[in-house]
$ cat final34.cif   # mmCIF, C-alpha atoms
data_target
#
loop_
_atom_site.label_atom_id
_atom_site.label_comp_id
_atom_site.auth_asym_id
_atom_site.auth_seq_id
_atom_site.Cartn_x
_atom_site.Cartn_y
_atom_site.Cartn_z
CA SER A 8 -15.20 -23.92 11.47
CA GLY A 9 -12.29 -22.41 13.37
CA VAL A 10 -10.83 -20.93 10.21
CA GLU A 11 -14.11 -19.27 9.23
CA GLY A 12 -14.17 -17.55 12.61
CA VAL A 13 -11.12 -15.45 11.79
CA LEU A 14 -11.71 -14.79 8.08
CA PRO A 15 -13.61 -11.64 7.02
CA GLY A 16 -16.42 -13.53 5.30
CA GLN A 17 -19.26 -11.21 6.32
CA ILE A 18 -19.75 -7.44 6.43
CA LEU A 19 -22.15 -5.73 8.81
CA LEU A 20 -23.59 -2.68 7.07
CA ARG A 21 -24.49 0.33 9.19
CA ARG A 22 -27.35 2.15 7.48
CA GLY A 23 -28.81 5.56 8.15
CA ASP A 24 -25.77 7.28 9.69
CA ALA A 25 -26.69 10.98 9.46
CA GLY A 26 -23.12 12.20 8.93
CA TRP A 27 -22.49 9.64 6.20
CA VAL A 28 -25.76 10.30 4.39
CA SER A 29 -25.21 14.07 4.47
CA ASN A 30 -22.10 13.63 2.30
CA LEU A 31 -23.87 11.63 -0.39
CA GLU A 32 -24.96 13.18 -3.65
CA GLU A 33 -28.59 14.27 -3.56
CA GLY A 34 -30.89 11.31 -4.09
CA SER A 35 -28.00 8.83 -3.98
CA ARG A 36 -28.58 6.19 -1.30
CA HIS A 37 -27.34 3.18 -3.28
CA TYR A 38 -24.58 2.41 -5.76
CA TYR A 39 -25.59 0.99 -9.13
CA TYR A 40 -23.33 -1.51 -10.90
CA PRO A 41 -24.42 -2.57 -14.41
CA VAL A 42 -23.34 -6.16 -15.13
CA HIS A 43 -21.54 -6.88 -18.38
CA ILE A 44 -23.44 -9.12 -20.79
CA SER A 45 -20.83 -11.85 -20.18
CA GLY A 46 -21.59 -11.79 -16.46
CA ALA A 47 -17.85 -11.70 -15.78
CA PHE A 48 -17.59 -8.17 -14.36
CA VAL A 49 -19.51 -5.04 -13.45
CA PHE A 50 -19.17 -1.40 -14.45
CA THR A 51 -18.64 1.42 -11.94
CA PRO A 52 -20.52 4.46 -13.32
CA THR A 53 -19.04 6.92 -10.80
CA PHE A 54 -15.74 7.25 -8.98
CA ALA A 55 -17.56 6.97 -5.62
CA SER A 56 -19.15 3.67 -6.65
CA GLY A 57 -15.70 2.42 -7.65
CA LEU A 58 -14.26 3.36 -4.24
CA TYR A 59 -17.14 1.61 -2.48
CA LEU A 60 -16.55 -1.56 -4.51
CA LEU A 61 -12.81 -1.37 -3.81
CA LEU A 62 -13.53 -1.00 -0.09
CA CYS A 63 -15.83 -4.04 -0.08
CA ARG A 64 -13.24 -6.11 -1.94
CA PHE A 65 -10.56 -5.09 0.56
CA LEU A 66 -12.80 -5.99 3.51
CA THR A 67 -13.48 -9.44 2.04
CA TRP A 68 -9.81 -10.20 1.25
CA ASN A 69 -10.17 -10.05 -2.53
CA PHE A 70 -6.73 -8.46 -2.74
CA ALA A 71 -6.01 -9.26 -6.39
CA GLU A 72 -9.17 -7.33 -7.35
CA VAL A 73 -8.09 -4.41 -5.12
CA VAL A 74 -4.73 -4.26 -6.91
CA ALA A 75 -6.43 -4.45 -10.30
CA MET A 76 -8.66 -1.51 -9.34
CA ALA A 77 -5.82 0.60 -7.93
CA SER A 78 -4.84 1.86 -11.38
CA THR A 79 -8.35 3.30 -11.83
CA ILE A 80 -8.04 5.58 -8.80
CA SER A 81 -8.17 9.28 -9.64
CA GLU A 82 -8.21 12.53 -7.69
CA ILE A 83 -10.64 12.63 -4.77
CA THR A 84 -12.75 15.78 -5.02
CA THR A 85 -16.07 15.32 -3.18
CA ASN A 86 -17.06 14.69 0.44
CA GLU A 87 -18.61 11.40 -0.60
CA GLU A 88 -15.34 10.21 -2.14
CA THR A 89 -13.32 11.47 0.82
CA GLN A 90 -15.32 9.55 3.41
CA LEU A 91 -14.97 6.36 1.36
CA TRP A 92 -11.21 6.86 0.96
CA MET A 93 -10.72 7.54 4.67
CA LEU A 94 -12.55 4.29 5.52
CA LEU A 95 -9.52 2.46 4.15
CA ASP A 96 -8.00 3.34 7.51
CA LEU A 97 -9.98 0.36 8.84
CA MET A 98 -7.61 -1.95 6.93
CA GLN A 99 -4.41 -0.76 8.62
CA SER A 100 -4.54 -3.59 11.14
CA ASP A 101 -4.73 -6.24 8.39
CA CYS A 102 -1.20 -7.69 8.34
CA HIS A 103 -1.80 -10.18 5.50
CA ALA A 104 1.10 -9.88 3.04
CA ASP A 105 -1.28 -9.19 0.14
CA ALA A 106 -3.10 -6.55 2.20
CA ILE A 107 0.19 -4.74 2.73
CA ALA A 108 0.93 -4.93 -1.00
CA SER A 109 -2.56 -3.65 -1.79
CA ARG A 110 -2.05 -0.60 0.43
CA LEU A 111 1.21 0.15 -1.35
CA HIS A 112 -0.47 -0.14 -4.77
CA LEU A 113 -3.05 2.41 -3.61
CA SER A 114 -0.22 4.64 -2.35
CA VAL A 115 1.36 4.51 -5.81
CA ALA A 116 -1.97 5.34 -7.45
CA MET A 117 -2.52 8.43 -5.29
CA LYS A 118 1.04 9.76 -5.54
CA PRO A 119 0.36 12.06 -8.54
CA TYR A 120 -2.31 13.94 -6.61
CA GLY A 121 -0.03 15.34 -3.91
CA PRO A 122 -0.14 15.44 -0.08
CA ALA A 123 -3.87 16.18 -0.01
CA ALA A 124 -4.50 12.69 -1.41
CA ALA A 125 -2.10 10.93 0.97
CA PRO A 126 -3.37 7.51 2.09
CA PRO A 127 -4.50 7.08 5.73
CA TRP A 128 -1.48 4.94 6.64
CA ASP A 129 2.27 5.37 7.10
CA VAL A 130 3.80 4.38 3.75
CA LYS A 131 7.24 3.87 5.30
CA GLU A 132 5.86 1.35 7.81
CA GLN A 133 4.01 -0.44 5.03
CA LEU A 134 7.21 -0.62 2.96
CA LEU A 135 9.09 -2.12 5.88
CA ASP A 136 6.39 -4.74 6.38
CA TYR A 137 6.38 -5.44 2.63
CA THR A 138 10.16 -5.89 2.63
CA ARG A 139 9.93 -8.39 5.46
CA LYS A 140 6.99 -10.31 3.98
CA ARG A 141 7.65 -9.99 0.25
CA HIS A 142 8.21 -13.74 -0.11
CA PHE A 143 4.61 -14.32 0.99
CA VAL A 144 3.06 -11.81 -1.43
CA SER A 145 1.14 -13.39 -4.30
CA THR A 146 2.17 -12.74 -7.89
CA ASP A 147 -1.05 -10.83 -8.58
CA CYS A 148 -0.39 -8.40 -5.75
CA ALA A 149 3.39 -7.92 -5.88
CA LEU A 150 4.77 -4.49 -6.75
CA SER A 151 6.79 -4.16 -9.93
CA LEU A 152 10.47 -3.36 -9.45
CA ASP A 153 9.88 0.19 -10.69
CA GLN A 154 6.96 0.73 -8.32
CA GLU A 155 8.89 -0.60 -5.35
CA PHE A 156 11.98 1.45 -6.21
CA ASP A 157 9.97 4.68 -6.55
CA LEU A 158 8.37 4.13 -3.14
CA LEU A 159 11.73 3.29 -1.56
CA GLU A 160 13.27 6.41 -3.10
CA GLN A 161 10.56 8.56 -1.57
CA HIS A 162 10.01 6.86 1.79
CA GLY A 163 12.97 4.57 2.44
CA HIS A 164 15.48 7.04 3.87
CA GLY A 165 16.67 6.71 7.46
CA CYS A 166 15.89 3.00 7.75
CA PRO A 167 18.90 0.70 7.12
CA GLU A 168 16.65 -2.20 6.11
CA LEU A 169 14.88 -0.12 3.47
CA VAL A 170 18.13 1.45 2.26
CA THR A 171 19.53 -2.04 1.64
CA ARG A 172 16.33 -3.11 -0.10
CA ARG A 173 16.50 -0.02 -2.33
CA GLU A 174 20.05 -0.94 -3.42
CA ILE A 175 18.96 -4.51 -4.18
CA VAL A 176 15.89 -3.43 -6.14
CA ASN A 177 17.94 -0.93 -8.12
CA GLU A 178 20.42 -3.63 -9.14
CA LEU A 179 17.57 -5.97 -10.07
CA ARG A 180 16.14 -3.21 -12.29
CA LYS A 181 19.47 -2.80 -14.04
CA ASN A 182 19.76 -6.55 -14.63
CA ALA A 183 16.18 -6.69 -15.92
CA ALA A 184 16.97 -3.91 -18.41
CA ASP A 185 19.89 -5.89 -19.86
CA LEU A 186 17.85 -8.67 -21.43
CA GLY A 187 19.94 -11.69 -22.30
CA ALA A 188 22.93 -10.45 -20.32
CA LYS A 189 24.33 -12.49 -17.47
CA PRO A 190 23.28 -10.94 -14.11
CA LYS A 191 26.15 -9.07 -12.51
CA PRO A 192 27.03 -9.81 -8.88
CA PHE A 193 26.79 -6.89 -6.50
CA ARG A 194 27.29 -6.13 -2.85
CA ALA A 195 24.56 -4.84 -0.56
CA ARG A 196 24.94 -3.54 2.96
CA ILE A 197 23.13 -5.73 5.47
CA CYS A 198 22.19 -4.40 8.89
CA LEU A 199 22.36 -7.27 11.39
CA GLY A 200 21.01 -5.20 14.26
CA ARG A 201 22.44 -4.56 17.69
CA GLN A 202 25.26 -6.84 18.78
CA ILE A 203 24.47 -8.76 21.98
CA ASP A 204 27.19 -9.02 24.58
CA ASP A 205 28.32 -12.64 24.73
CA ARG A 206 30.51 -12.39 27.82
CA GLY A 207 30.01 -15.31 30.16
CA PHE A 208 29.47 -17.84 27.35
CA ASP A 209 32.07 -20.52 26.56
#
$ encode --input "final34.cif" --output "structure tokens"
Amino acid sequence: SGVEGVLPGQILLRRGDAGWVSNLEEGSRHYYYPVHISGAFVFTPTFASGLYLLLCRFLTWNFAEVVAMASTISEITTNEETQLWMLLDLMQSDCHADAIASRLHLSVAMKPYGPAAAPPWDVKEQLLDYTRKRHFVSTDCALSLDQEFDLLEQHGHGCPELVTRREIVNELRKNAADLGAKPKPFRARICLGRQIDDRGFD
């Protein structure tokens, strides 16, 4: 159908790339995923196998699973893990709201490991897209208020739209902390953009 033509339903695997294979652990040409006795999920015995599974889920638009796996990300230390992580660059052009949220979840997960573990995308641009599309993000993929605020604190400076969003999120966090209390009204600065000259109009 027409819809199937634009959805990422199939993956073409490129096998035997010399550069790729040279970074694999000796004797490791495949990833092994033991299936739980319930049949409901699989285990990822190594960090590299987890990254590969995450990559496949991202490519096939299983964004909720990507977000669920984000919290399992740890420091990338081997060439095999690095080449898998850098392949996430392929997903930068995916403008689906949940894809944007997934990239931000991965950014949060890698934050403790410093600049060397920075994701292969511009976090500030992703935040701006998330702010503009947040109403389309599914519940399973949405950032928590604390996660969003931390990202805005780090990357939201210099952009009026993100500065306003940071103020709003901060107030929402305060209201959420006061359980049972009536939400307090607050004012936020809204940037309406450049004013267009209306001379010549009645």
$ closest_residue --input "final34.cif" --among "A:Cys63, A:Ala75, A:Val176, A:Leu135" --to "Gly163 in chain A" --atoms "only C-alpha atoms"
A:Leu135
$ residues_around --input "final34.cif" --residues "Arg194 in chain A" --least-positions-apart "4" --cutoff "12 Å" --atoms "only C-alpha atoms" --output "PyMOL selection string"
chain A and resi 171-172+174-175+177-178
$ residues_around --input "final34.cif" --residues "Phe70 in chain A" --least-positions-apart "4" --cutoff "8 Å" --atoms "all atoms listed in the file" --output "list in words"
Arg64, Phe65, Val74, Asp105, Ala106, Ser109 and Cys148 of chain A
$ residues_around --input "final34.cif" --residues "Tyr40 in chain A" --least-positions-apart "5" --cutoff "8 Å" --atoms "only C-alpha atoms" --output "PyMOL selection string"
chain A and resi 49-52+56
$ atom_distance --input "final34.cif" --atom1 "CA of Asn86 in chain A" --atom2 "CA of Asn30 in chain A"
5.5 Å
$ resolve_selection --input "final34.cif" --expression "the PyMOL selection byres ((chain A and resi 98-104) around 7)" --output "JSON, numbers by chain"
{"A": [95, 96, 97, 105, 106, 107, 108, 128, 137, 140, 143, 144]}
$ residues_around --input "final34.cif" --residues "Ile80 in chain A" --least-positions-apart "4" --cutoff "9 Å" --atoms "all atoms listed in the file" --output "ChimeraX atom specification"
/A:54,57-58,76,113,116-117
$ closest_residue --input "final34.cif" --among "A:Leu94, A:Ile83, A:Asp153, A:Gly165" --to "Ala124 in chain A" --atoms "all atoms listed in the file"
A:Ile83
$ residues_around --input "final34.cif" --residues "Ser151 in chain A" --least-positions-apart "2" --cutoff "12 Å" --atoms "only C-alpha atoms" --output "MDAnalysis selection string"
chainID A and resid 74 108 111:112 115 141 146:149 153:158 176:177 179:180 183
$ atom_distance --input "final34.cif" --atom1 "CA of Glu132 in chain A" --atom2 "CA of Leu159 in chain A"
11.2 Å
$ closest_residue --input "final34.cif" --among "A:His164, A:Val170, A:Glu32, A:Arg21" --to "Glu87 in chain A" --atoms "all atoms listed in the file"
A:Glu32
$ atom_distance --input "final34.cif" --atom1 "CA of Asp136 in chain A" --atom2 "CA of Leu62 in chain A"
21.3 Å
$ closest_residue --input "final34.cif" --among "A:Leu66, A:Leu152, A:Ala77, A:Leu61" --to "Lys118 in chain A" --atoms "all atoms listed in the file"
A:Ala77
$ decode --input "final34.cif" --residues "range 142-157 of chain A" --atoms "N, CA, C and O atoms" --output "short mmCIF file (atom, residue, chain, number, x, y, z; two decimals), in the first residue's frame"
data_model
loop_
_atom_site.label_atom_id
_atom_site.label_comp_id
_atom_site.auth_asym_id
_atom_site.auth_seq_id
_atom_site.Cartn_x
_atom_site.Cartn_y
_atom_site.Cartn_z
N HIS A 142 3.23 17.84 21.82
CA HIS A 142 1.84 17.39 21.91
C HIS A 142 1.59 16.13 21.08
O HIS A 142 0.55 15.48 21.23
N PHE A 143 2.53 15.78 20.21
CA PHE A 143 2.40 14.58 19.38
C PHE A 143 3.20 13.40 19.93
O PHE A 143 3.14 12.31 19.37
N VAL A 144 3.95 13.63 21.00
CA VAL A 144 4.79 12.58 21.57
C VAL A 144 3.92 11.64 22.40
O VAL A 144 3.09 12.08 23.20
N SER A 145 4.10 10.35 22.21
CA SER A 145 3.31 9.37 22.97
C SER A 145 3.72 9.37 24.44
O SER A 145 4.83 9.78 24.80
N THR A 146 2.83 8.87 25.28
CA THR A 146 3.10 8.83 26.72
C THR A 146 4.33 7.98 27.03
O THR A 146 5.14 8.32 27.90
N ASP A 147 4.51 6.89 26.31
CA ASP A 147 5.63 5.99 26.57
C ASP A 147 6.98 6.62 26.25
O ASP A 147 8.01 6.20 26.78
N CYS A 148 6.97 7.62 25.37
CA CYS A 148 8.24 8.21 24.93
C CYS A 148 8.51 9.60 25.51
O CYS A 148 9.63 10.11 25.35
N ALA A 149 7.53 10.21 26.13
CA ALA A 149 7.71 11.57 26.63
C ALA A 149 8.77 11.64 27.72
O ALA A 149 8.93 10.72 28.52
N LEU A 150 9.51 12.73 27.73
CA LEU A 150 10.47 12.99 28.81
C LEU A 150 9.73 13.33 30.09
O LEU A 150 8.66 13.93 30.05
N SER A 151 10.32 12.98 31.22
CA SER A 151 9.77 13.45 32.48
C SER A 151 10.08 14.94 32.61
O SER A 151 10.96 15.47 31.91
N LEU A 152 9.39 15.62 33.50
CA LEU A 152 9.66 17.05 33.69
C LEU A 152 11.11 17.28 34.13
O LEU A 152 11.76 18.23 33.69
N ASP A 153 11.61 16.41 35.00
CA ASP A 153 13.00 16.57 35.46
C ASP A 153 13.99 16.35 34.33
O ASP A 153 14.99 17.08 34.21
N GLN A 154 13.74 15.35 33.49
CA GLN A 154 14.64 15.11 32.37
C GLN A 154 14.64 16.28 31.40
O GLN A 154 15.70 16.74 30.95
N GLU A 155 13.45 16.77 31.08
CA GLU A 155 13.35 17.88 30.15
C GLU A 155 14.01 19.13 30.71
O GLU A 155 14.74 19.84 30.00
N PHE A 156 13.79 19.40 32.00
CA PHE A 156 14.38 20.59 32.62
C PHE A 156 15.91 20.51 32.62
O PHE A 156 16.59 21.50 32.33
N ASP A 157 16.46 19.34 32.95
CA ASP A 157 17.92 19.20 32.96
C ASP A 157 18.51 19.44 31.57
O ASP A 157 19.56 20.10 31.44
#
